[in-house]
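Report on the following structure.
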Amino acid sequence: MKNLTAFNLEKDKRVQGKKWFSTYNGYFNKKDVFDSFIKVIKKIENRLPKQINILYAGSGPGKLGEMVCRHLKLKGFKTKLYLTDISKKHLTENKNSKTTKIIQDLETLNLPIKFDLILMRSTLDYFANKQKQIKVLKKIKKHMKEKAFFINQA
């Protein structure tokens with residue numbers, strides 16, 4: 001049998017790419033959802049470095065990450081955004097040529113850099129049990145700089 005991540009990806013194939021934005025009544029494309037993340041960013045932005053590496057883990061097309069970068073750039077930050085998702089179809093929906101797209105399973109996440117800010121939302125439920133979720137969270141932690149922030153929406 002395929003691993004669980006591959007199984008979940010197969011089950012979600014009908015809502016990958018452009019269709020993702022209309023899933024759950026457009027939840028992943030709603031301004032108020034993005035604004036809830038920006039509200040948190042505003043609370044911590046004075047503790048972020050002016051040159052910031054951001055990882056959006058389980059990013060889908062990455063629109064949330066792009067919105068966070070746009071906000072930070074308006075505040076004078078220099079941002080570098082990395083998207084990681086197991087779905088190539090999701091990642092190809094992101095048309096920003098300056099954004100790095102990485103096709104990778106979060107259970108085996110292994111990137112050569114550490115990040116100042118890591119975003120994640122609606123991703124842990126793809127991992128079937130507490131042990132797998134803990135494994136993913138440990139992978140996330142491994143990729144964080146010492147004074148980094150992790151913002152997750154379950």
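Residues in the structure tokens are named by chain (A, B, ... in the order shown) and by number from 1 within that chain; ligands are numbered from 1 in the order shown.
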
A:Ser97 surroundings by only C-alpha atoms, 12 Å radius, close-in-sequence under 6 positions cut, as a VMD selection string: chain A and resid 66 80 to 83 91

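For stretch 138-144 of chain A, the residues within 10 Å (counting only C-alpha atoms, excluding itself and residues fewer than 6 positions away along the chain) are A:Asn53, A:Ile54, A:Leu55, A:Ala57, A:Leu106, A:Glu107, A:Thr108, A:Leu109, A:Asn110, A:Leu111, A:Pro112, A:Ile113, A:Lys114, A:Phe115, A:Asp116, A:Leu117, A:Ile118, A:Leu119, A:Met120, A:Lys132, A:Phe150.
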
Store the residues of this selection in a file with N, CA and C atoms, as a compact mmCIF listing (two decimals), in the first residue's frame.
```
# COMPACT_ATOMS: atom_id res chain seq x y z
N ASN A 53 13.72 34.92 6.07
CA ASN A 53 13.41 33.72 5.30
C ASN A 53 12.14 33.11 5.88
N ILE A 54 11.17 32.90 5.01
CA ILE A 54 9.86 32.38 5.43
C ILE A 54 9.60 31.06 4.73
N LEU A 55 9.20 30.06 5.51
CA LEU A 55 8.78 28.77 4.97
C LEU A 55 7.28 28.64 5.20
N ALA A 57 4.89 25.76 5.11
CA ALA A 57 4.90 24.29 5.09
C ALA A 57 3.51 23.76 4.76
N LEU A 106 6.20 16.58 4.20
CA LEU A 106 6.65 17.17 5.48
C LEU A 106 7.23 16.13 6.43
N GLU A 107 6.85 14.87 6.28
CA GLU A 107 7.42 13.82 7.15
C GLU A 107 8.90 13.60 6.88
N THR A 108 9.33 13.94 5.68
CA THR A 108 10.74 13.74 5.33
C THR A 108 11.42 15.07 4.99
N LEU A 109 10.84 16.16 5.43
CA LEU A 109 11.36 17.50 5.12
C LEU A 109 12.84 17.60 5.46
N ASN A 110 13.62 18.02 4.49
CA ASN A 110 15.06 18.16 4.69
C ASN A 110 15.56 19.25 3.75
N LEU A 111 15.63 20.46 4.29
CA LEU A 111 16.07 21.60 3.50
C LEU A 111 17.41 22.10 4.03
N PRO A 112 18.22 22.72 3.18
CA PRO A 112 19.56 23.12 3.59
C PRO A 112 19.62 24.44 4.38
N ILE A 113 18.48 25.06 4.63
CA ILE A 113 18.50 26.33 5.36
C ILE A 113 17.52 26.29 6.53
N LYS A 114 17.68 27.27 7.42
CA LYS A 114 16.75 27.45 8.54
C LYS A 114 15.99 28.74 8.30
N PHE A 115 14.84 28.85 8.97
CA PHE A 115 13.91 29.94 8.69
C PHE A 115 13.65 30.79 9.93
N ASP A 116 13.31 32.06 9.66
CA ASP A 116 12.95 33.00 10.71
C ASP A 116 11.47 32.90 11.06
N LEU A 117 10.68 32.48 10.09
CA LEU A 117 9.23 32.38 10.26
C LEU A 117 8.75 31.18 9.46
N ILE A 118 7.95 30.34 10.12
CA ILE A 118 7.34 29.21 9.43
C ILE A 118 5.84 29.30 9.63
N LEU A 119 5.13 29.21 8.53
CA LEU A 119 3.67 29.23 8.52
C LEU A 119 3.15 27.85 8.17
N MET A 120 2.02 27.51 8.77
CA MET A 120 1.36 26.26 8.40
C MET A 120 -0.11 26.40 8.75
N LYS A 132 2.67 10.66 14.00
CA LYS A 132 3.04 11.27 12.71
C LYS A 132 3.01 12.79 12.80
N PHE A 150 6.82 30.19 14.72
CA PHE A 150 6.02 29.20 14.01
C PHE A 150 4.55 29.57 14.24
```

Contact residues around A:Thr84 with only C-alpha atoms at 8 Å, ignoring same-chain residues under 3 positions, as an MDAnalysis selection string: chainID A and resid 55:60 91 101:104

Hey, what does DSSP flag as helix (DSSP H, G or I) within stretch 49-151 of chain A? Can you give it to me as a PyMOL selection string? chain A and resi 63-74+88-92+106-108+124-126+130-142

All strand (DSSP E or B) residues (DSSP, backbone) inside chain A, as an MDAnalysis selection string: chainID A and resid 51:57 78:85 100:103 115:121 144:153

Pick from A:Glu93, A:Asp35, A:Asp85, A:Asp125: nearest to A:Met67, with only C-alpha atoms counted?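 Among A:Glu93, A:Asp35, A:Asp85, A:Asp125, it is A:Asp35 that comes nearest to A:Met67.
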
So how far away is atom CA of A:Gln133 from atom CA of A:His90, in Å? 21.6 Å

As number ranges by chain, please: the residues near A:Gly76 (cut-off 12 Å, only C-alpha atoms, same-chain neighbours under 4 positions excluded). A: 45-46, 48-52, 69-72

Using Å and a single decimal, report how far atom CA of A:Lys95 sits from atom CA of A:Pro61. 9.0 Å
